[in-house]
Amino acid sequence: PGYFGDRGGHLTAVEWDSSGTRLATCIASGRVILWYLQNVGTGNSISLRPSVVSILDGGSGRQVFGAKYCCGKNEDLLLTWGIEGKVSVWDSYSVGEVMSPICTLISHTEYPIFALDVTQTGAKQSIAVGGGKEG
């Protein structure tokens, strides 16, 4: 209900955090939905209870291609990227509807960003980004 907004859309990507209890789902309408997944019950009657924690909505309505939990032991940040050519940084523990990111790391509006990954060596983290125009 309301996850896709007035613009509609479909899932474009999903990303688990390292604990397996948080999930980010990217929507073609430009939103990212943050979920908390809890196992409830005991023994043979355990079920998964998903709860929407936050809706990240940058307001553009442009397609988001992916999300990545990163930074720190608790993966405190979420990076998102998409057709706008921006890499945005969000609080991965946001609650409610959030209308703008903490900051924008990259903004190349002349071409989309299709892929991103993060690696960590000791205390140093590096980000690789891929995108560009066709042709």
# chains A, B, ... in the order shown; residues from 1 in each chain; ligands from 1
$ residues_around --residues "region 53-62 of chain A" --least-positions-apart "5" --cutoff "12 Å" --atoms "only C-alpha atoms" --output "mmCIF file with C-alpha atoms, in the first residue's frame"
data_model
loop_
_atom_site.group_PDB
_atom_site.id
_atom_site.type_symbol
_atom_site.label_atom_id
_atom_site.label_comp_id
_atom_site.auth_asym_id
_atom_site.auth_seq_id
_atom_site.Cartn_x
_atom_site.Cartn_y
_atom_site.Cartn_z
ATOM 1 C CA PRO A 1 0.000 0.000 0.000
ATOM 2 C CA GLY A 2 1.620 3.185 -1.216
ATOM 3 C CA TYR A 3 5.088 1.656 -1.633
ATOM 4 C CA PHE A 4 5.152 2.433 -5.329
ATOM 5 C CA GLY A 5 3.680 5.923 -4.936
ATOM 6 C CA ASP A 6 1.452 7.584 -7.488
ATOM 7 C CA ARG A 7 3.977 6.776 -10.198
ATOM 8 C CA GLY A 8 3.554 3.003 -9.999
ATOM 9 C CA GLY A 9 6.554 0.864 -10.842
ATOM 10 C CA THR A 12 14.474 -3.162 -10.087
ATOM 11 C CA THR A 21 17.392 -9.142 8.750
ATOM 12 C CA ARG A 22 17.219 -5.967 6.658
ATOM 13 C CA LEU A 23 16.273 -5.736 3.004
ATOM 14 C CA ALA A 24 16.281 -2.770 0.635
ATOM 15 C CA THR A 25 14.013 -3.009 -2.406
ATOM 16 C CA CYS A 26 14.473 -0.583 -5.294
ATOM 17 C CA ILE A 27 11.437 0.535 -7.274
ATOM 18 C CA ALA A 28 11.339 1.842 -10.853
ATOM 19 C CA SER A 29 9.337 4.833 -9.570
ATOM 20 C CA GLY A 30 12.431 6.135 -7.753
ATOM 21 C CA ARG A 31 11.675 4.891 -4.261
ATOM 22 C CA VAL A 32 13.683 2.540 -2.064
ATOM 23 C CA ILE A 33 11.763 0.582 0.575
ATOM 24 C CA LEU A 34 13.628 -0.537 3.706
ATOM 25 C CA TRP A 35 12.295 -3.707 5.342
ATOM 26 C CA TYR A 36 13.004 -5.442 8.636
ATOM 27 C CA LEU A 37 12.468 -9.216 8.542
ATOM 28 C CA ALA A 67 21.235 -0.215 -3.355
ATOM 29 C CA LEU A 78 22.859 2.752 2.231
ATOM 30 C CA LEU A 79 24.134 3.815 -1.189
ATOM 31 C CA THR A 80 21.647 4.091 -4.072
ATOM 32 C CA TRP A 81 22.176 4.763 -7.776
ATOM 33 C CA GLY A 82 20.194 4.920 -10.971
ATOM 34 C CA ILE A 83 19.172 6.615 -14.155
ATOM 35 C CA GLU A 84 19.808 10.130 -12.782
ATOM 36 C CA GLY A 85 23.562 9.523 -12.687
ATOM 37 C CA LYS A 86 23.733 10.063 -8.937
ATOM 38 C CA VAL A 87 25.109 7.995 -6.073
ATOM 39 C CA SER A 88 23.150 9.006 -2.974
ATOM 40 C CA VAL A 89 23.965 8.223 0.664
ATOM 41 C CA TRP A 90 21.091 7.437 3.063
ATOM 42 C CA ASP A 91 20.884 6.520 6.745
ATOM 43 C CA SER A 92 20.250 2.764 6.563
ATOM 44 C CA TYR A 93 18.374 2.934 9.872
ATOM 45 C CA SER A 94 15.912 5.596 8.664
ATOM 46 C CA VAL A 95 12.345 5.379 9.923
ATOM 47 C CA GLY A 96 9.266 6.706 8.123
ATOM 48 C CA GLU A 97 9.274 8.553 4.820
ATOM 49 C CA VAL A 98 12.577 10.251 4.020
ATOM 50 C CA MET A 99 12.525 12.817 1.208
ATOM 51 C CA SER A 100 16.241 13.459 0.675
ATOM 52 C CA PRO A 101 19.561 11.641 1.170
ATOM 53 C CA ILE A 102 22.284 12.605 3.632
ATOM 54 C CA CYS A 103 24.439 13.611 0.659
ATOM 55 C CA THR A 104 25.213 12.876 -2.979
ATOM 56 C CA THR A 109 23.310 13.756 -14.904
ATOM 57 C CA PRO A 112 23.038 6.794 -15.781
#
$ select_by_dssp --residues "chain A" --states "strand (DSSP E)" --output "VMD selection string"
chain A and resid 11 to 16 22 to 27 31 to 40 47 to 57 64 to 70 77 to 82 86 to 91 96 to 98 103 to 107 113 to 121 124 to 131
$ closest_residue --among "A:Leu77, A:Phe114, A:Gly20, A:Gly66" --to "Leu48 (chain A)" --atoms "only C-alpha atoms"
A:Gly20
$ atom_distance --atom1 "CA of Lys124 (chain A)" --atom2 "CA of Glu75 (chain A)"
14.1 Å
$ atom_distance --atom1 "CA of Val40 (chain A)" --atom2 "CA of Ser18 (chain A)"
19.7 Å
$ atom_distance --atom1 "CA of Glu110 (chain A)" --atom2 "CA of Cys71 (chain A)"
28.0 Å
